[in-house]
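Quick look at run.cif (mmCIF, C-alpha atoms):
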data_final
#
loop_
_atom_site.label_atom_id
_atom_site.label_comp_id
_atom_site.auth_asym_id
_atom_site.auth_seq_id
_atom_site.Cartn_x
_atom_site.Cartn_y
_atom_site.Cartn_z
CA MET A 1 74.56 40.70 123.85
CA GLU A 2 72.87 38.77 121.06
CA LYS A 3 69.08 38.95 121.21
CA GLN A 4 66.70 36.01 121.09
CA ALA A 5 64.45 35.79 118.04
CA LYS A 6 60.95 37.11 118.72
CA PHE A 7 59.34 33.88 117.58
CA SER A 8 59.99 30.83 115.44
CA HIS A 9 57.80 28.35 113.63
CA VAL A 10 58.01 25.50 111.16
CA PRO A 11 57.67 26.74 107.54
CA ASN A 12 56.08 23.60 106.07
CA PHE A 13 53.22 21.19 106.82
CA THR A 14 55.05 18.50 108.78
CA ASP A 15 54.36 14.86 109.56
CA TYR A 16 53.21 15.58 113.12
CA MET A 17 50.80 18.23 111.81
CA GLU A 18 49.31 15.79 109.31
CA LEU A 19 49.01 13.07 111.96
CA SER A 20 47.31 15.47 114.37
CA VAL A 21 44.70 16.44 111.77
CA GLN A 22 44.06 12.74 111.09
CA ILE A 23 43.66 12.12 114.83
CA PHE A 24 41.04 14.88 115.01
CA ASN A 25 39.04 13.46 112.12
CA ASN A 26 39.16 9.96 113.57
CA PHE A 27 38.15 11.17 117.03
CA PHE A 28 35.18 13.17 115.71
CA ASN A 29 34.28 10.58 113.03
CA ASN A 30 34.86 13.24 110.34
CA ASP A 31 32.03 15.33 111.85
CA SER A 32 33.39 18.86 112.20
CA HIS A 33 29.97 20.50 112.71
CA ASN A 34 29.99 22.97 115.63
CA LYS A 35 33.36 21.69 116.88
CA ALA A 36 35.35 24.49 118.51
CA ILE A 37 39.12 23.93 118.39
CA LEU A 38 41.93 25.88 120.06
CA ASP A 39 45.21 25.84 118.12
CA LEU A 40 47.97 27.11 120.44
CA PRO A 41 50.63 28.00 119.44
CA ALA A 42 49.29 28.46 115.93
CA GLY A 43 52.69 29.31 114.43
CA ASN A 44 52.28 30.20 110.78
CA GLY A 45 48.72 28.87 110.72
CA LEU A 46 49.16 25.72 108.63
CA VAL A 47 47.24 23.45 111.02
CA SER A 48 44.51 26.04 111.58
CA LYS A 49 44.05 26.44 107.82
CA GLU A 50 43.78 22.68 107.29
CA LEU A 51 41.24 22.26 110.09
CA LYS A 52 39.22 25.23 108.83
CA LYS A 53 39.07 23.64 105.37
CA LEU A 54 37.59 20.55 107.04
CA GLY A 55 34.88 22.67 108.67
CA TYR A 56 36.14 23.06 112.24
CA ASP A 57 35.63 26.32 114.12
CA ILE A 58 39.22 27.33 114.89
CA ILE A 59 40.62 29.80 117.38
CA SER A 60 44.27 30.43 116.44
CA ALA A 61 46.40 31.78 119.28
CA ASP A 62 50.08 32.68 119.55
CA ILE A 63 52.48 35.36 120.74
CA ASN A 64 53.32 36.17 117.13
CA ASP A 65 51.40 38.47 114.78
CA GLU A 66 51.57 36.22 111.73
CA TYR A 67 47.91 37.03 110.98
CA PRO A 68 45.68 39.86 112.26
CA PHE A 69 42.99 37.42 113.44
CA TYR A 70 45.33 35.63 115.87
CA PHE A 71 44.52 35.85 119.54
CA GLN A 72 47.63 37.27 121.19
CA VAL A 73 48.33 34.71 123.93
CA ASN A 74 51.35 34.18 126.16
CA MET A 75 51.53 30.50 127.09
CA GLU A 76 53.31 31.44 130.34
CA GLU A 77 50.12 33.18 131.57
CA PRO A 78 46.50 32.09 132.21
CA LEU A 79 44.69 31.59 128.92
CA PRO A 80 42.06 34.26 128.12
CA PHE A 81 39.29 31.70 127.57
CA LYS A 82 36.41 30.43 129.72
CA ASP A 83 36.42 27.00 131.36
CA GLU A 84 35.41 24.12 129.08
CA LYS A 85 35.10 26.30 125.98
CA PHE A 86 36.67 23.98 123.39
CA ASP A 87 35.78 20.54 122.03
CA ALA A 88 39.47 19.96 121.35
CA VAL A 89 42.78 21.67 122.07
CA ILE A 90 45.90 21.22 119.97
CA CYS A 91 49.33 22.32 121.18
CA LEU A 92 51.99 21.39 118.65
CA GLU A 93 55.65 21.97 119.52
CA GLY A 94 54.79 24.53 122.18
CA ILE A 95 55.00 23.03 125.65
CA GLU A 96 58.80 22.71 125.49
CA HIS A 97 59.03 26.50 124.97
CA VAL A 98 57.69 27.46 128.42
CA MET A 99 59.37 27.58 131.81
CA HIS A 100 56.60 25.68 133.60
CA PRO A 101 55.04 22.99 131.36
CA GLU A 102 52.58 21.74 134.02
CA ILE A 103 51.03 25.19 134.36
CA LEU A 104 50.43 25.36 130.61
CA PHE A 105 49.01 21.81 130.66
CA SER A 106 46.62 22.78 133.46
CA GLU A 107 45.35 25.70 131.38
CA LEU A 108 44.88 23.54 128.29
CA ALA A 109 42.91 21.08 130.41
CA ARG A 110 40.84 23.86 131.99
CA VAL A 111 39.54 25.23 128.69
CA LEU A 112 38.79 21.74 127.32
CA LYS A 113 35.22 20.42 127.51
CA LYS A 114 34.46 17.13 129.26
CA GLY A 115 34.85 14.41 126.67
CA GLY A 116 37.10 16.68 124.62
CA LEU A 117 40.41 15.76 123.01
CA LEU A 118 43.81 17.20 123.89
CA ILE A 119 46.75 16.73 121.50
CA ILE A 120 50.26 17.81 122.45
CA SER A 121 53.30 17.27 120.26
CA THR A 122 56.82 17.87 121.49
CA PRO A 123 60.34 16.71 120.58
CA ASN A 124 60.59 13.06 121.57
CA VAL A 125 63.30 13.17 124.20
CA GLN A 126 62.64 9.52 125.06
CA SER A 127 63.71 8.27 121.66
CA PHE A 128 66.83 6.14 121.76
CA TYR A 129 68.63 8.59 119.49
CA SER A 130 67.95 11.41 121.97
CA ARG A 131 69.04 9.21 124.88
CA PHE A 132 72.25 8.36 123.05
CA GLN A 133 72.95 12.02 122.38
CA LEU A 134 72.40 12.81 126.06
CA LEU A 135 74.87 10.08 127.01
CA CYS A 136 77.50 11.44 124.63
CA THR A 137 76.98 15.21 124.92
CA GLY A 138 75.10 15.90 128.14
CA TYR A 139 72.09 17.38 126.34
CA LEU A 140 69.09 15.92 124.54
CA PHE A 141 68.38 16.02 120.80
CA GLN A 142 66.86 19.39 119.81
CA PHE A 143 67.83 20.86 123.19
CA ASP A 144 71.40 21.95 122.60
CA PRO A 145 72.27 24.93 124.84
CA PHE A 146 74.22 27.04 122.38
CA ASP A 147 71.45 29.35 121.13
CA LYS A 148 69.59 29.85 124.42
CA ILE A 149 69.66 33.50 125.44
CA PRO A 150 67.62 34.76 128.43
CA LEU A 151 64.94 37.20 127.35
CA GLU A 152 65.01 40.84 128.36
CA PRO A 153 62.74 41.62 131.36
CA ASN A 154 59.03 41.74 130.48
CA LYS A 155 59.70 40.80 126.84
CA ASN A 156 57.05 38.55 125.31
CA ALA A 157 58.89 36.32 122.85
CA ASP A 158 59.85 32.74 122.03
CA LYS A 159 62.30 31.21 124.52
CA GLY A 160 63.17 28.28 122.28
CA HIS A 161 63.48 24.65 123.43
CA ILE A 162 64.08 25.10 127.15
CA SER A 163 61.92 22.43 128.85
CA PRO A 164 62.25 18.80 127.73
CA VAL A 165 58.95 17.05 128.43
CA PHE A 166 58.70 13.28 128.78
CA TYR A 167 55.72 11.02 128.10
CA THR A 168 55.71 10.07 131.79
CA GLN A 169 55.41 13.74 132.78
CA LEU A 170 52.53 14.32 130.39
CA ARG A 171 50.77 11.23 131.67
CA TYR A 172 51.16 12.45 135.25
CA TYR A 173 49.79 15.88 134.29
CA SER A 174 46.92 14.12 132.55
CA ASP A 175 46.00 12.13 135.67
CA LEU A 176 46.40 15.26 137.80
CA HIS A 177 43.94 17.24 135.69
CA ASN A 178 41.31 14.52 135.16
CA LEU A 179 42.23 13.37 131.66
CA LYS A 180 42.54 9.83 130.35
CA THR A 181 45.77 9.16 128.46
CA LEU A 182 45.40 7.45 125.10
CA LYS A 183 48.06 5.49 123.25
CA PRO A 184 50.69 7.99 122.11
CA SER A 185 51.80 8.36 118.54
CA GLY A 186 54.76 9.98 116.85
CA GLY A 187 56.06 11.64 113.75
CA ARG A 188 58.77 10.47 111.41
CA LEU A 189 60.82 7.53 112.66
CA LYS A 190 64.42 8.64 113.20
CA ARG A 191 67.57 6.50 113.12
CA LEU A 192 65.61 3.24 112.89
CA VAL A 193 68.63 1.88 111.08
CA ALA A 194 70.39 1.88 114.47
CA LEU A 195 67.89 -0.62 115.90
CA PRO A 196 70.42 -3.51 116.00
CA PHE A 197 72.75 -1.33 118.09
CA PHE A 198 69.97 -0.20 120.46
CA LEU A 199 68.18 -3.57 120.70
CA PRO A 200 70.19 -4.95 123.68
CA PHE A 201 69.50 -1.75 125.63
CA ILE A 202 65.80 -1.88 124.74
CA LEU A 203 65.53 -5.47 125.99
CA ILE A 204 67.38 -4.62 129.21
CA GLY A 205 65.18 -1.57 129.69
CA TYR A 206 62.00 -3.55 129.12
CA LEU A 207 62.93 -6.15 131.72
CA TRP A 208 64.12 -3.43 134.10
CA SER A 209 60.79 -1.59 133.75
CA ILE A 210 58.82 -4.77 134.44
CA ARG A 211 60.88 -5.32 137.59
CA ASP A 212 60.14 -1.78 138.79
CA TRP A 213 56.44 -2.16 137.92
CA LYS A 214 56.19 -5.35 139.98
CA LYS A 215 57.95 -3.71 142.92
CA THR A 216 55.98 -0.44 143.00
CA SER A 217 52.56 -1.15 141.44
CA ASN A 218 51.89 -4.58 139.92
CA LYS A 219 48.52 -3.31 138.71
CA VAL A 220 47.23 -4.29 135.29
CA GLU A 221 46.18 -0.74 134.43
CA THR A 222 49.66 0.71 135.07
CA PHE A 223 51.34 -1.88 132.86
CA GLU A 224 49.94 0.22 130.01
CA ILE A 225 52.76 2.68 130.75
CA ILE A 226 55.36 0.07 129.81
CA LYS A 227 53.45 -0.77 126.63
CA HIS A 228 53.49 2.89 125.66
CA LEU A 229 57.13 3.48 126.62
CA PHE A 230 58.34 0.56 124.52
CA SER A 231 56.16 1.20 121.48
CA ILE A 232 58.08 1.74 118.25
CA LYS A 233 56.86 5.35 118.05
CA LEU A 234 58.17 6.33 121.47
CA LEU A 235 61.43 4.53 120.87
CA PHE A 236 62.22 6.04 117.47
CA SER A 237 59.93 8.92 116.48
CA ARG A 238 61.37 12.40 116.14
CA SER A 239 58.22 13.92 117.70
CA LEU A 240 56.00 12.58 120.47
CA ILE A 241 52.26 13.05 119.89
CA PHE A 242 50.51 12.80 123.23
CA LYS A 243 46.73 12.30 123.28
CA ALA A 244 44.27 12.49 126.16
CA VAL A 245 40.51 12.83 126.67
CA LYS A 246 38.99 14.83 129.50
CA ASN A 247 36.93 12.60 131.75
CA LEU A 248 33.18 13.18 131.98
#
If you took the structure in this file and wrote it as structure tokens, what would it be?
Amino acid sequence: MEKQAKFSHVPNFTDYMELSVQIFNNFFNNDSHNKAILDLPAGNGLVSKELKKLGYDIISADINDEYPFYFQVNMEEPLPFKDEKFDAVICLEGIEHVMHPEILFSELARVLKKGGLLIISTPNVQSFYSRFQLLCTGYLFQFDPFDKIPLEPNKNADKGHISPVFYTQLRYYSDLHNLKTLKPSGGRLKRLVALPFFLPFILIGYLWSIRDWKKTSNKVETFEIIKHLFSIKLLFSRSLIFKAVKNL
């Protein structure tokens, strides 16, 4: 049987990495002094290196041994850090690689200080391109089933894209673990040229969502969900960048 690769990571500094670094600087008003950051999974260390250059105190963690200073961490297990240790936690393109995303989210929230920032990026399965691919093929963009091989027992390695995670799930996890969801962002816009084709479906979906909101909630604060769902970034970005702050 073919074996799964031990781990995988992006070889270049991507748009969602650059956006995440910008989000950090904006959140902390460019003040990196004494700011402890957890970067998990750290991959090949590009984000950690950039944040270190800006003066942040970075803990890089991953299952891979890209660098000897990495903390060896399995995202499927409890994180080896104390409660409320970090001023910010960044998890780029990692949560879709675990069997139980909510458990990982709960651990990220646990090690985050009150008032701290959590950033999670993941393939944007709510983009209209991904929805169209699901309609046509039965699987979402970046989640094709053809290279997914179950790991050998007790092997600690990358499982690949096995758990599509939606904005609505992340928002629910955020509420569950006492975080306030901020307006999401996204990486590179994908297939925006298809907007005229998708526009009728977007309009129908918007009206449909308002109908459901009126029936089940009708609260001003929950209408924010519709605003987020129908933002240009959630509709067309390749990557979803989810942001939340831990309540005081």
Atom CA of A:Pro184 sits from atom CA of A:Ser121 at a separation of 9.8 Å
Contacts of A:Met17 at 10 Å (only C-alpha atoms; same-chain gap of 5+ positions) as a list in words: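 Those residues are Asn12, Gln22, Ile23, Leu46, Val47, Glu50, Ile90, Leu92, Glu93, Ser121, Gly187 and Ile241 of chain A.
Atom CA of A:Ile162 lies 26.2 Å from atom CA of A:Val21.
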Starting from the displayed file, determine the output of the PyMOL selection byres ((chain A and resi 176-183) around 10) and express the residue list as a PyMOL selection string. chain A and resi 102+105-110+114-118+170-175+184-185+224-225+227-229+231+241-248
Once the PyMOL selection byres ((chain A and resi 192-205) around 9) is applied to the coordinates I shared, what remains selected? I want it as a PyMOL selection string. chain A and resi 128-129+189-191+206-210+230+235-237
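Distances to A:Leu40 were evaluated for A:Ser163, A:Asn74, A:Ser60, A:Asn156 using only C-alpha atoms, and the minimum falls at A:Ser60.
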For atom CA of A:Pro150 and atom CA of A:Tyr16, quote the distance in Å rounded to one decimal.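 Answer for the atom CA of A:Pro150 to atom CA of A:Tyr16 separation: 28.5 Å.
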Would you kindly return, as an MDAnalysis selection string, each protein, DNA or RNA residue with an atom no farther than 10 Å from any atom of A:Asp65, considering all atoms listed in the file and excluding same-chain residues fewer than 5 positions away? chainID A and resid 7 43:44 70:72
Store the residues picked out above, limited to C-alpha atoms, as a PDB file, in the coordinates of the input.
ATOM      1  CA  PHE A   7      59.340  33.880 117.580  1.00  0.00           C
ATOM      2  CA  GLY A  43      52.690  29.310 114.430  1.00  0.00           C
ATOM      3  CA  ASN A  44      52.280  30.200 110.780  1.00  0.00           C
ATOM      4  CA  TYR A  70      45.330  35.630 115.870  1.00  0.00           C
ATOM      5  CA  PHE A  71      44.520  35.850 119.540  1.00  0.00           C
ATOM      6  CA  GLN A  72      47.630  37.270 121.190  1.00  0.00           C
TER       7      GLN A  72
END
Have a look at A:Pro123, A:Lys85, A:Glu77, A:Thr222 and name the one nearest to A:Ile103; count all atoms listed in the file.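 For A:Ile103, the nearest of the candidates is A:Glu77.
The smallest atom-to-atom distance between A:Asn34 and any of A:Ser20, A:Asn124, A:Val111, A:Ile58, using only C-alpha atoms, is found for A:Ile58.
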Distance criterion (all atoms listed in the file): nearest to A:Val10 out of A:Pro41, A:Val73, A:Lys215, A:Ser32: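 When distances to A:Val10 are compared using all atoms listed in the file, the smallest one comes from A:Pro41.
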For A:Gln126, which residue among A:Ile232, A:Ala61, A:Cys91, A:Leu79 is the nearest when counting only C-alpha atoms? A:Ile232
Can you pull out the residues contacting A:Lys35? Cut-off 10 Å, using all atoms listed in the file, and skip same-chain residues under 5 positions away; I want them as a PyMOL selection string. chain A and resi 28+55-58+86-88+116
Using all atoms listed in the file, can you tell me which of A:Ile119, A:Val98, A:Val125, A:Leu140 comes closest to A:Asp158?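 Closest to A:Asp158, using all atoms listed in the file: A:Val98.
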Let me have the centre and edge lengths of the axis-aligned box enclosing all listed atoms of stretch 156-161 of chain A with 4 Å padding on every side, in Å to one decimal, as AutoDock Vina command-line options.
--center_x 60.3 --center_y 31.6 --center_z 123.7 --size_x 14.4 --size_y 21.9 --size_z 11.3
